[in-house]
Structure formats: structure tokens, C-alpha cells
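**Q** Contents of work_31.tsv (TSV, C-alpha atoms) are given next:
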```tsv
chain	number	residue	atom	x	y	z
A	1	MET	CA	11.44	58.11	5.40
A	2	GLY	CA	9.13	55.13	6.02
A	3	GLU	CA	7.52	54.54	9.41
A	4	GLN	CA	8.88	56.51	12.38
A	5	PRO	CA	7.88	56.75	16.09
A	6	ILE	CA	6.34	60.14	16.97
A	7	PHE	CA	5.25	59.63	20.59
A	8	SER	CA	6.09	57.02	23.25
A	9	THR	CA	5.02	56.25	26.80
A	10	ARG	CA	5.03	53.28	29.19
A	11	ALA	CA	2.04	51.29	30.38
A	12	HIS	CA	0.79	47.83	31.29
A	13	VAL	CA	-0.89	46.22	28.27
A	14	PHE	CA	-4.12	44.20	28.41
A	15	GLN	CA	-6.50	42.58	25.94
A	16	ILE	CA	-10.12	41.64	26.45
A	17	ASP	CA	-10.74	37.95	27.07
A	18	PRO	CA	-11.94	36.57	23.70
A	19	THR	CA	-14.15	34.03	25.47
A	20	THR	CA	-15.99	36.10	28.07
A	21	LYS	CA	-15.55	39.52	26.42
A	22	LYS	CA	-15.58	40.91	29.98
A	23	ASN	CA	-12.34	40.11	31.78
A	24	TRP	CA	-8.97	41.69	30.99
A	25	VAL	CA	-6.03	39.42	30.19
A	26	PRO	CA	-2.54	40.94	30.78
A	27	THR	CA	-0.24	40.58	27.78
A	28	SER	CA	2.82	42.04	29.51
A	29	LYS	CA	4.31	41.09	32.88
A	30	HIS	CA	5.48	44.64	33.50
A	31	ALA	CA	5.16	48.11	32.03
A	32	VAL	CA	6.36	48.26	28.41
A	33	THR	CA	6.88	51.00	25.85
A	34	VAL	CA	3.78	51.92	23.81
A	35	SER	CA	4.47	54.11	20.76
A	36	TYR	CA	2.60	55.96	18.05
A	37	PHE	CA	4.14	55.39	14.60
A	38	TYR	CA	3.54	57.45	11.46
A	39	ASP	CA	4.08	56.09	7.95
A	40	SER	CA	4.60	59.10	5.70
A	41	THR	CA	4.48	56.93	2.59
A	42	ARG	CA	1.01	55.59	3.26
A	43	ASN	CA	-0.10	58.44	5.56
A	44	VAL	CA	-1.04	55.91	8.25
A	45	TYR	CA	-0.85	56.10	12.05
A	46	ARG	CA	-0.33	52.96	14.17
A	47	ILE	CA	0.00	52.06	17.85
A	48	ILE	CA	2.77	49.50	18.38
A	49	SER	CA	4.13	47.85	21.52
A	50	LEU	CA	6.72	45.09	21.84
A	51	ASP	CA	7.37	42.80	24.80
A	52	GLY	CA	10.86	41.62	23.97
A	53	SER	CA	10.56	40.57	20.33
A	54	LYS	CA	6.82	39.85	20.51
A	55	ALA	CA	4.37	42.43	19.13
A	56	ILE	CA	1.58	42.69	21.72
A	57	ILE	CA	-0.06	45.75	20.10
A	58	ASN	CA	-0.27	46.41	16.36
A	59	SER	CA	-3.28	48.67	15.88
A	60	THR	CA	-3.88	50.97	12.90
A	61	ILE	CA	-5.76	54.15	13.90
A	62	THR	CA	-8.91	54.75	11.88
A	63	PRO	CA	-11.36	57.70	12.00
A	64	ASN	CA	-14.10	55.56	13.57
A	65	MET	CA	-11.97	54.46	16.56
A	66	THR	CA	-12.67	55.82	20.05
A	67	PHE	CA	-10.34	55.89	23.05
A	68	THR	CA	-12.27	55.71	26.34
A	69	LYS	CA	-11.00	56.54	29.83
A	70	THR	CA	-12.55	54.01	32.20
A	71	SER	CA	-10.69	55.19	35.33
A	72	GLN	CA	-8.04	57.69	36.39
A	73	LYS	CA	-5.22	55.47	35.15
A	74	PHE	CA	-6.84	53.10	32.64
A	75	GLY	CA	-8.05	53.55	29.08
A	76	GLN	CA	-9.18	51.29	26.23
A	77	TRP	CA	-10.05	51.27	22.54
A	78	PRO	CA	-11.58	48.65	20.22
A	79	ASP	CA	-9.80	47.41	17.10
A	80	SER	CA	-12.18	45.76	14.64
A	81	ARG	CA	-9.33	44.68	12.38
A	82	ALA	CA	-7.60	42.78	15.19
A	83	ASN	CA	-11.02	41.68	16.54
A	84	THR	CA	-10.10	42.68	20.08
A	85	VAL	CA	-10.15	45.50	22.62
A	86	TYR	CA	-6.85	46.87	23.91
A	87	GLY	CA	-6.43	48.25	27.43
A	88	LEU	CA	-3.60	50.30	28.93
A	89	GLY	CA	-2.84	50.84	32.61
A	90	PHE	CA	-0.72	53.93	33.29
A	91	SER	CA	1.29	54.95	36.32
A	92	SER	CA	-0.51	58.31	36.59
A	93	GLU	CA	-3.52	60.17	35.30
A	94	HIS	CA	-1.21	62.63	33.49
A	95	HIS	CA	0.23	59.88	31.27
A	96	LEU	CA	-3.27	58.60	30.49
A	97	THR	CA	-4.48	62.09	29.54
A	98	LYS	CA	-1.45	62.68	27.31
A	99	PHE	CA	-1.96	59.36	25.52
A	100	ALA	CA	-5.67	60.12	25.02
A	101	GLU	CA	-4.88	63.56	23.57
A	102	LYS	CA	-2.41	62.04	21.12
A	103	PHE	CA	-4.96	59.39	20.16
A	104	GLN	CA	-7.54	62.07	19.31
A	105	GLU	CA	-4.93	64.13	17.45
A	106	PHE	CA	-3.76	61.25	15.27
A	107	LYS	CA	-7.32	60.05	14.80
A	108	ASP	CA	-8.26	63.48	13.39
A	109	ALA	CA	-5.15	63.42	11.23
A	110	ALA	CA	-6.14	60.01	9.89
A	111	ARG	CA	-9.64	61.32	9.16
A	112	ILE	CA	-8.26	64.35	7.30
A	113	ALA	CA	-5.87	62.15	5.33
A	114	LYS	CA	-8.74	59.89	4.37
A	115	GLU	CA	-10.87	62.84	3.28
A	116	LYS	CA	-8.00	64.22	1.17
A	117	MET	CA	-7.53	60.84	-0.42
A	118	GLN	CA	-11.23	60.66	-1.26
A	119	GLU	CA	-11.14	64.19	-2.72
A	120	LYS	CA	-8.12	63.27	-4.80
A	121	MET	CA	-9.89	60.17	-6.06
A	122	GLU	CA	-12.95	62.26	-6.94
A	123	LEU	CA	-10.86	64.84	-8.76
A	124	THR	CA	-9.00	62.21	-10.74
A	125	SER	CA	-12.25	60.47	-11.63
A	126	THR	CA	-13.84	63.76	-12.96
A	127	PRO	CA	-12.09	63.75	-16.40
A	128	SER	CA	-13.33	60.26	-17.14
A	129	GLN	CA	-16.87	61.36	-16.23
A	130	GLU	CA	-16.59	64.41	-18.53
A	131	SER	CA	-15.34	62.26	-21.36
A	132	ALA	CA	-18.22	59.93	-20.72
A	133	SER	CA	-20.71	62.83	-20.96
A	134	GLY	CA	-19.01	63.98	-24.14
A	135	ASP	CA	-19.42	60.53	-25.55
A	136	LEU	CA	-23.16	60.77	-24.98
A	137	GLN	CA	-23.32	63.94	-27.05
A	138	SER	CA	-20.82	62.82	-29.67
A	139	PRO	CA	-19.76	59.17	-29.39
A	140	LEU	CA	-16.01	58.77	-29.67
A	141	THR	CA	-15.46	55.85	-32.02
A	142	PRO	CA	-12.71	55.07	-34.49
A	143	GLU	CA	-15.07	56.25	-37.21
A	144	SER	CA	-15.76	59.55	-35.42
A	145	ILE	CA	-12.04	60.17	-34.94
A	146	ASN	CA	-10.67	59.03	-38.25
A	147	GLY	CA	-13.92	59.19	-40.27
A	148	THR	CA	-15.12	56.70	-42.79
A	149	ASP	CA	-13.43	56.20	-46.06
A	150	ASP	CA	-15.88	58.53	-47.74
A	151	GLU	CA	-15.70	61.15	-44.97
A	152	ARG	CA	-11.93	61.02	-44.62
A	153	SER	CA	-11.55	62.50	-48.05
A	154	ILE	CA	-13.63	65.53	-47.22
A	155	GLN	CA	-12.33	66.16	-43.67
A	156	ASP	CA	-10.05	69.17	-43.31
A	157	VAL	CA	-6.96	69.58	-41.18
A	158	PRO	CA	-8.59	71.44	-38.22
A	159	HIS	CA	-11.02	68.58	-37.71
A	160	GLU	CA	-8.13	66.12	-37.49
A	161	ALA	CA	-6.45	68.36	-34.87
A	162	ASP	CA	-9.66	68.37	-32.79
A	163	ALA	CA	-9.77	64.57	-32.98
A	164	ARG	CA	-6.19	64.31	-31.74
A	165	ALA	CA	-7.03	66.65	-28.84
A	166	GLU	CA	-9.96	64.44	-27.89
A	167	ILE	CA	-7.69	61.38	-27.95
A	168	ASN	CA	-5.15	63.10	-25.68
A	169	GLN	CA	-7.93	64.14	-23.29
A	170	SER	CA	-9.31	60.62	-23.17
A	171	SER	CA	-5.84	59.30	-22.30
A	172	LEU	CA	-5.72	61.27	-19.00
A	173	PRO	CA	-7.47	58.58	-16.95
A	174	PHE	CA	-4.86	56.07	-18.05
A	175	THR	CA	-2.12	58.38	-16.75
A	176	HIS	CA	-3.92	58.57	-13.41
A	177	SER	CA	-4.21	54.79	-13.39
A	178	THR	CA	-0.44	54.61	-13.72
A	179	THR	CA	-0.08	56.92	-10.72
A	180	ILE	CA	-2.44	54.77	-8.67
A	181	GLY	CA	-0.52	51.69	-9.77
A	182	LYS	CA	2.72	53.22	-8.51
A	183	HIS	CA	0.98	54.10	-5.23
A	184	TRP	CA	-0.17	50.53	-4.75
A	185	GLU	CA	3.27	49.25	-5.69
A	186	SER	CA	4.65	51.43	-2.90
A	187	GLU	CA	2.00	50.04	-0.56
A	188	LEU	CA	2.99	46.50	-1.57
A	189	ALA	CA	6.67	47.23	-1.00
A	190	THR	CA	5.88	48.60	2.46
A	191	LEU	CA	3.78	45.55	3.29
A	192	LYS	CA	6.59	43.28	2.11
A	193	SER	CA	9.04	45.18	4.30
A	194	ASN	CA	6.74	44.91	7.33
A	195	ASN	CA	6.19	41.24	6.56
A	196	ALA	CA	9.95	40.69	6.47
A	197	LYS	CA	10.32	42.46	9.82
A	198	LEU	CA	7.52	40.37	11.35
A	199	THR	CA	9.06	37.21	9.91
A	200	ALA	CA	12.42	38.10	11.44
A	201	ALA	CA	10.71	38.83	14.77
A	202	LEU	CA	8.90	35.49	14.53
A	203	LEU	CA	12.14	33.64	13.86
A	204	GLU	CA	13.78	35.40	16.78
A	205	SER	CA	10.81	34.53	18.99
A	206	THR	CA	11.06	30.89	17.88
A	207	ALA	CA	14.74	30.85	18.76
A	208	ASN	CA	13.95	32.42	22.13
A	209	VAL	CA	11.24	29.82	22.73
A	210	LYS	CA	13.75	27.03	22.06
A	211	GLN	CA	16.20	28.64	24.45
A	212	TRP	CA	13.47	29.06	27.08
A	213	LYS	CA	12.48	25.41	26.66
A	214	GLN	CA	16.08	24.35	27.23
A	215	GLN	CA	16.30	26.54	30.31
A	216	LEU	CA	12.99	25.16	31.55
A	217	ALA	CA	14.24	21.58	31.07
A	218	ALA	CA	17.40	22.45	32.99
A	219	TYR	CA	15.34	24.03	35.78
A	220	GLN	CA	13.10	20.95	35.90
A	221	ASP	CA	16.14	18.66	36.19
A	222	GLU	CA	17.58	20.83	38.94
A	223	ALA	CA	14.21	20.87	40.74
A	224	GLU	CA	13.99	17.07	40.50
A	225	ARG	CA	17.52	16.70	41.86
A	226	LEU	CA	16.73	19.03	44.76
A	227	HIS	CA	13.51	17.14	45.40
A	228	LYS	CA	15.45	13.86	45.62
A	229	ARG	CA	17.98	15.48	47.95
A	230	VAL	CA	15.18	16.75	50.18
A	231	SER	CA	13.69	13.24	50.24
A	232	GLU	CA	17.07	11.79	51.23
A	233	LEU	CA	17.47	14.36	53.98
A	234	GLU	CA	13.96	13.65	55.22
A	235	CYS	CA	14.80	9.93	55.23
A	236	LEU	CA	18.01	10.61	57.16
A	237	SER	CA	16.06	12.81	59.52
A	238	GLY	CA	13.56	9.98	60.04
A	239	GLN	CA	16.39	7.54	60.70
A	240	ALA	CA	17.92	9.98	63.16
A	241	ASN	CA	14.59	10.18	64.96
A	242	VAL	CA	14.43	6.37	65.06
A	243	LEU	CA	17.98	6.19	66.43
A	244	LYS	CA	17.16	8.82	68.99
A	245	THR	CA	14.09	6.89	70.08
A	246	HIS	CA	16.09	3.66	70.23
A	247	LYS	CA	18.79	5.39	72.27
A	248	THR	CA	16.16	6.66	74.68
A	249	GLU	CA	14.79	3.15	75.06
A	250	LEU	CA	18.30	1.76	75.64
A	251	ASN	CA	18.99	4.40	78.27
A	252	ARG	CA	15.73	3.51	79.95
A	253	THR	CA	16.64	-0.21	79.86
A	254	ILE	CA	20.09	0.54	81.26
A	255	GLU	CA	18.53	2.53	84.06
A	256	GLU	CA	16.16	-0.33	84.80
A	257	LEU	CA	19.04	-2.84	84.78
A	258	GLU	CA	21.08	-0.59	87.06
A	259	ALA	CA	18.12	-0.37	89.43
A	260	GLN	CA	17.75	-4.17	89.35
A	261	MET	CA	21.50	-4.56	89.93
A	262	LYS	CA	21.29	-2.23	92.87
A	263	ASP	CA	18.41	-4.28	94.28
A	264	LYS	CA	20.43	-7.48	93.75
A	265	GLU	CA	23.43	-5.96	95.48
A	266	GLU	CA	21.26	-4.96	98.40
A	267	GLU	CA	19.81	-8.50	98.49
A	268	ILE	CA	23.34	-9.95	98.37
A	269	GLU	CA	24.35	-7.73	101.27
A	270	ARG	CA	21.26	-8.87	103.16
A	271	LEU	CA	22.06	-12.51	102.40
A	272	LYS	CA	25.64	-11.98	103.51
A	273	LYS	CA	24.34	-10.62	106.79
A	274	ASP	CA	22.01	-13.60	107.12
A	275	ILE	CA	24.93	-15.98	106.46
A	276	GLU	CA	27.06	-14.22	109.06
A	277	GLY	CA	24.16	-14.46	111.49
A	278	ALA	CA	23.78	-18.18	110.69
A	279	ARG	CA	27.49	-18.72	111.26
A	280	GLU	CA	27.30	-16.94	114.58
A	281	LEU	CA	24.35	-19.14	115.58
A	282	GLU	CA	26.30	-22.24	114.47
A	283	ALA	CA	29.30	-21.11	116.50
A	284	GLN	CA	27.05	-20.53	119.49
A	285	ARG	CA	25.57	-24.01	119.00
A	286	ASP	CA	29.00	-25.58	118.92
A	287	THR	CA	29.97	-23.68	122.03
A	288	LEU	CA	26.83	-24.80	123.84
A	289	SER	CA	27.42	-28.40	122.74
A	290	GLN	CA	30.93	-28.33	124.14
A	291	GLN	CA	29.71	-26.84	127.37
A	292	LEU	CA	27.05	-29.49	127.71
A	293	GLN	CA	29.54	-32.27	127.14
A	294	VAL	CA	31.78	-30.87	129.90
A	295	HIS	CA	29.07	-30.56	132.54
A	296	VAL	CA	27.07	-33.77	131.87
A	297	PRO	CA	28.26	-36.83	134.18
A	298	ALA	CA	29.42	-40.12	132.74
A	299	GLY	CA	26.84	-42.75	132.04
A	300	PRO	CA	24.14	-42.97	129.59
A	301	GLN	CA	23.75	-39.81	127.78
A	302	PRO	CA	20.28	-38.45	128.24
A	303	PHE	CA	20.37	-36.25	125.13
A	304	ARG	CA	21.86	-36.35	121.69
A	305	PHE	CA	21.94	-33.36	119.48
A	306	LEU	CA	21.09	-33.87	115.85
A	307	GLY	CA	21.35	-30.58	114.08
A	308	HIS	CA	18.95	-28.18	115.81
A	309	SER	CA	16.70	-30.97	117.14
A	310	CYS	CA	17.36	-33.15	120.21
A	311	VAL	CA	16.23	-36.78	120.94
A	312	THR	CA	15.83	-38.25	124.46
A	313	SER	CA	17.92	-41.37	125.00
A	314	LEU	CA	16.24	-44.09	127.03
```
Here is the file; what I need is its structure written in the form of C-alpha cells.
**A**
Amino acid sequence: MGEQPIFSTRAHVFQIDPTTKKNWVPTSKHAVTVSYFYDSTRNVYRIISLDGSKAIINSTITPNMTFTKTSQKFGQWPDSRANTVYGLGFSSEHHLTKFAEKFQEFKDAARIAKEKMQEKMELTSTPSQESASGDLQSPLTPESINGTDDERSIQDVPHEADARAEINQSSLPFTHSTTIGKHWESELATLKSNNAKLTAALLESTANVKQWKQQLAAYQDEAERLHKRVSELECLSGQANVLKTHKTELNRTIEELEAQMKDKEEEIERLKKDIEGARELEAQRDTLSQQLQVHVPAGPQPFRFLGHSCVTSL
């Protein structure tokens, strides 16, 4: 059957900061699936969680592990093999309690499996110990089994049968060694399979990293283009402000010139009036001159008009 999931839940995954050993570092951006796996071949329980193709939890449950609830929705456990402490943040206290119960259940199962394995090892090692004690009483050597040349001639058939039985009994530990060898071969095959899976996941992660780098480069190019566009628009906006200011100044200058033109027009009108007044005065002067010429008798002229001034003629 191999390794199969037996319980799953969702939680936010954290690991203890390896530097400070105090702060939690999130290893997932959002809640991910956290599962208990059971390997029936090796009788091993593991906690596994993947974020995409990346394994963020790969913890084998051992009898000396302890899961601790630190709050209503958060729990943690140390993993000496991974040299870290894992933390899980759940959406509710119910999910935390359920995960803790499963942890204790599988921890007890791992302890029982370990004890059974130790008992099996002790039972399989008992025949070799008995043969060793028998050797102390009657050393089992080629001479004791087959006898010396002198003894072989006097040994009877039952003694040879007893020797064969002792040889068969002493061969039991070798049979057990073969069983252990097959067990370790199975362990090695499982490790190779897991290694192949991790290698495939690593290759997939590498491919994803390359794709993410390409996307990041494209995003950076797009951000740079948008930044240049914003700079151009800001420049155009600055030019528009300059043009607006210049237009305001021109309007102010035009208003000033219009005011000056109006003043000039008023001055021209005033000058025109002055000229008309001067013409009227000149006409009056001419009229007075003519009148004086008519009324003055003949003879020496007592006055002569030169412009606006008059000179007495002697």
C-alpha cells in the first residue's frame, strides 16, 4: 500500500526563526492543507504539508515528541531531526483540538510500534544467546561436531544426528538476518521512492522559479515603462503649468496695454479739444485783427501785431 494520508486539515504554517529562536516566520502565505500520513511498510507516521510543489512540513512523529497548545487557535511541536519548531494557526479551536488529538493518537501508535519492534528484535536475538550459552557448556567446534579422526571411528549414529540438530539450531540467527536484510531492502526502496518524488518536486520547483523569474522580469519592464510614462505626463503637466502661467502673464500685459491705449485715446481726445480751442482762439485773433484794421484811421500805424505780442510803432 505504501504511504497514505489518514487525516487532513487546513492551517497557516510557521517555523521558528533559526536566528532568534523566538519569533515565528510564516512559511505559507495562506492556509494550506496539513496531513497525517501512515506508511504501513515501515509503520511510520508523518506530518506533511505542501505549498504548491514545495514541502513546508516533513516531520516524522516519534514517541518523544510533544504537541503544545499555546493559544485557542495555535499549536506547536519541536522536530529534532529537522532542527526546528513547527507552528500551526487554525481557524477555530475545534480544528486545533482535533489536530492535537490525532497527534497524541499517532504518537502513541508510533510508541507501540517501536516497542513491538524492540520486542521482536529481542525475541529474534534470544536463540543466538541460547546457542552462546550452550557453547559455554559444550563448545561447538568442527571437532565437537564431526569429532577427531580417532573419535569419528567410535561415534555412533545418534551422536551424529544430535550434531546435525545443533548445526540447524545455530543456523536460525542467519535466517533472521536474512529477514532483517529484506526489511532494510524494503526501507531502502521506500527511501529511494521518496527521494525520487522529492527530486521531481525539486525539478518542478526549479521550473516554477524560472517561470516566476521571467514573469518578474516582465513585470519589472512593465513597471519601468509605466514609470517613464508617468515621468512624461508629469513633464507635460509641468509644461502645461508653464504655459498657463505664461498665458496669465500675457493676459495681464494685454490688459495693461489696453489700459495704456485707453489713456492714450483719452489724451488724444484732450489734445484734439485743445487744438480745436487753439483754432478758435486763432480765428478770434484774426477776426479782431480785421476789426482793428477797419476802425484804425490812416497814417502811421500805432500798433503791429506779431503773433500774440504787439509792438508800439513810433
**Q** From the options A:Val13, A:Ala100, A:Leu243, A:Ala218, which residue's atoms come nearest to Ser28 of chain A, counting all atoms listed in the file?
**A**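 For Ser28 of chain A, the nearest of the candidates is A:Val13.
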**Q** Name all residues at most 12 Å from segment 15-18 of chain A (count only C-alpha atoms; drop same-chain ones fewer than 5 positions away) and give them as a list in words.
**A** Asn23, Trp24, Val25, Pro26, Thr27, Ser28, Ile56, Ile57, Gly75, Gln76, Trp77, Pro78, Asp79, Ala82, Asn83, Thr84, Val85, Tyr86, Gly87, Leu88 and Gly89 of chain A
**Q** Nearest to Ser35 of chain A: which of A:Gln260, A:Ser49, A:Gln293, A:Asn64 is it, counting only C-alpha atoms?
**A** A:Ser49
**Q** Have a look at atom CA of Glu232 of chain A and atom CA of Thr245 of chain A and let me know their distance in Å, one decimal.
**A**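 Here the two named atoms are 19.7 Å from each other.
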**Q** Let me make sure I understand: among A:Lys69, A:Asn58, A:Glu93, A:Phe106, which one has the smallest atom-to-atom distance to Arg81 of chain A if we use all atoms listed in the file?
**A**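 Comparing A:Lys69, A:Asn58, A:Glu93, A:Phe106 against Arg81 of chain A, the winner is A:Asn58.
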**Q** Could you check the closest approach to Gly52 of chain A for each of A:Thr33, A:Thr97, A:Ser91, A:Gln104 and tell me which residue wins, using all atoms listed in the file?
**A**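 The closest residue to Gly52 of chain A is A:Thr33.
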**Q** Taking into account all atoms listed in the file, which residue in the set A:Arg42, A:Lys116, A:Leu257, A:Thr19 is nearest to Glu185 of chain A?
**A**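 For Glu185 of chain A, the nearest of the candidates is A:Arg42.
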**Q** Would you work out the distance separating atom CA of Arg10 of chain A from atom CA of Tyr38 of chain A, expressed in Å to one decimal?
**A**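 Pair atom CA of Arg10 of chain A / atom CA of Tyr38 of chain A returns 18.3 Å.
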**Q** Name the residues within 12 Å of (2.2, 60.0, 8.5), counting only C-alpha atoms in the file's coordinates, and put them as a list in words.
**A**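 Checked against the point, the hits come out as Met1, Gly2, Glu3, Gln4, Pro5, Ile6, Tyr36, Phe37, Tyr38, Asp39, Ser40, Thr41, Arg42, Asn43, Val44, Tyr45, Arg46, Thr60, Ile61, Phe106, Lys107, Ala109, Ala110, Arg111, Ile112, Ala113 and Lys114 of chain A.
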**Q** Could you write out the selected residues, including C-alpha atoms, as a tab-separated table (two decimals), keeping the file's coordinate frame?
**A**
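result11.tsv was written with the following content:
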```tsv
chain	number	residue	atom	x	y	z
A	1	MET	CA	11.44	58.11	5.40
A	2	GLY	CA	9.13	55.13	6.02
A	3	GLU	CA	7.52	54.54	9.41
A	4	GLN	CA	8.88	56.51	12.38
A	5	PRO	CA	7.88	56.75	16.09
A	6	ILE	CA	6.34	60.14	16.97
A	36	TYR	CA	2.60	55.96	18.05
A	37	PHE	CA	4.14	55.39	14.60
A	38	TYR	CA	3.54	57.45	11.46
A	39	ASP	CA	4.08	56.09	7.95
A	40	SER	CA	4.60	59.10	5.70
A	41	THR	CA	4.48	56.93	2.59
A	42	ARG	CA	1.01	55.59	3.26
A	43	ASN	CA	-0.10	58.44	5.56
A	44	VAL	CA	-1.04	55.91	8.25
A	45	TYR	CA	-0.85	56.10	12.05
A	46	ARG	CA	-0.33	52.96	14.17
A	60	THR	CA	-3.88	50.97	12.90
A	61	ILE	CA	-5.76	54.15	13.90
A	106	PHE	CA	-3.76	61.25	15.27
A	107	LYS	CA	-7.32	60.05	14.80
A	109	ALA	CA	-5.15	63.42	11.23
A	110	ALA	CA	-6.14	60.01	9.89
A	111	ARG	CA	-9.64	61.32	9.16
A	112	ILE	CA	-8.26	64.35	7.30
A	113	ALA	CA	-5.87	62.15	5.33
A	114	LYS	CA	-8.74	59.89	4.37
```
**Q** Please provide as a PyMOL selection string all residues within 9 Å of Phe99 of chain A, with the sequence filter that same-chain residues fewer than 5 positions apart are discarded (counting all atoms listed in the file).
**A** chain A and resi 7-9+94+104
**Q** Using Å and a single decimal, report how far atom CA of Leu271 of chain A sits from atom CA of Gln284 of chain A.
**A**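 Taking atom CA of Gln284 of chain A as the start and atom CA of Leu271 of chain A as the end point, the length is 19.5 Å.
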**Q** My list of candidates is A:Lys54, A:Ala11, A:Phe103, A:Asn208. Which is closest to Val34 of chain A when distances are computed with only C-alpha atoms?
**A**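 Under the stated criterion, the closest residue is A:Ala11.
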**Q** Padding 6 Å on every side, please: axis-aligned box over the listed atoms of segment 17-25 of chain A, centre and edge lengths to one decimal in Å, as JSON.
**A**
```
{"center_x": -11.0, "center_y": 37.9, "center_z": 27.7, "size_x": 22.0, "size_y": 19.7, "size_z": 20.1}
```
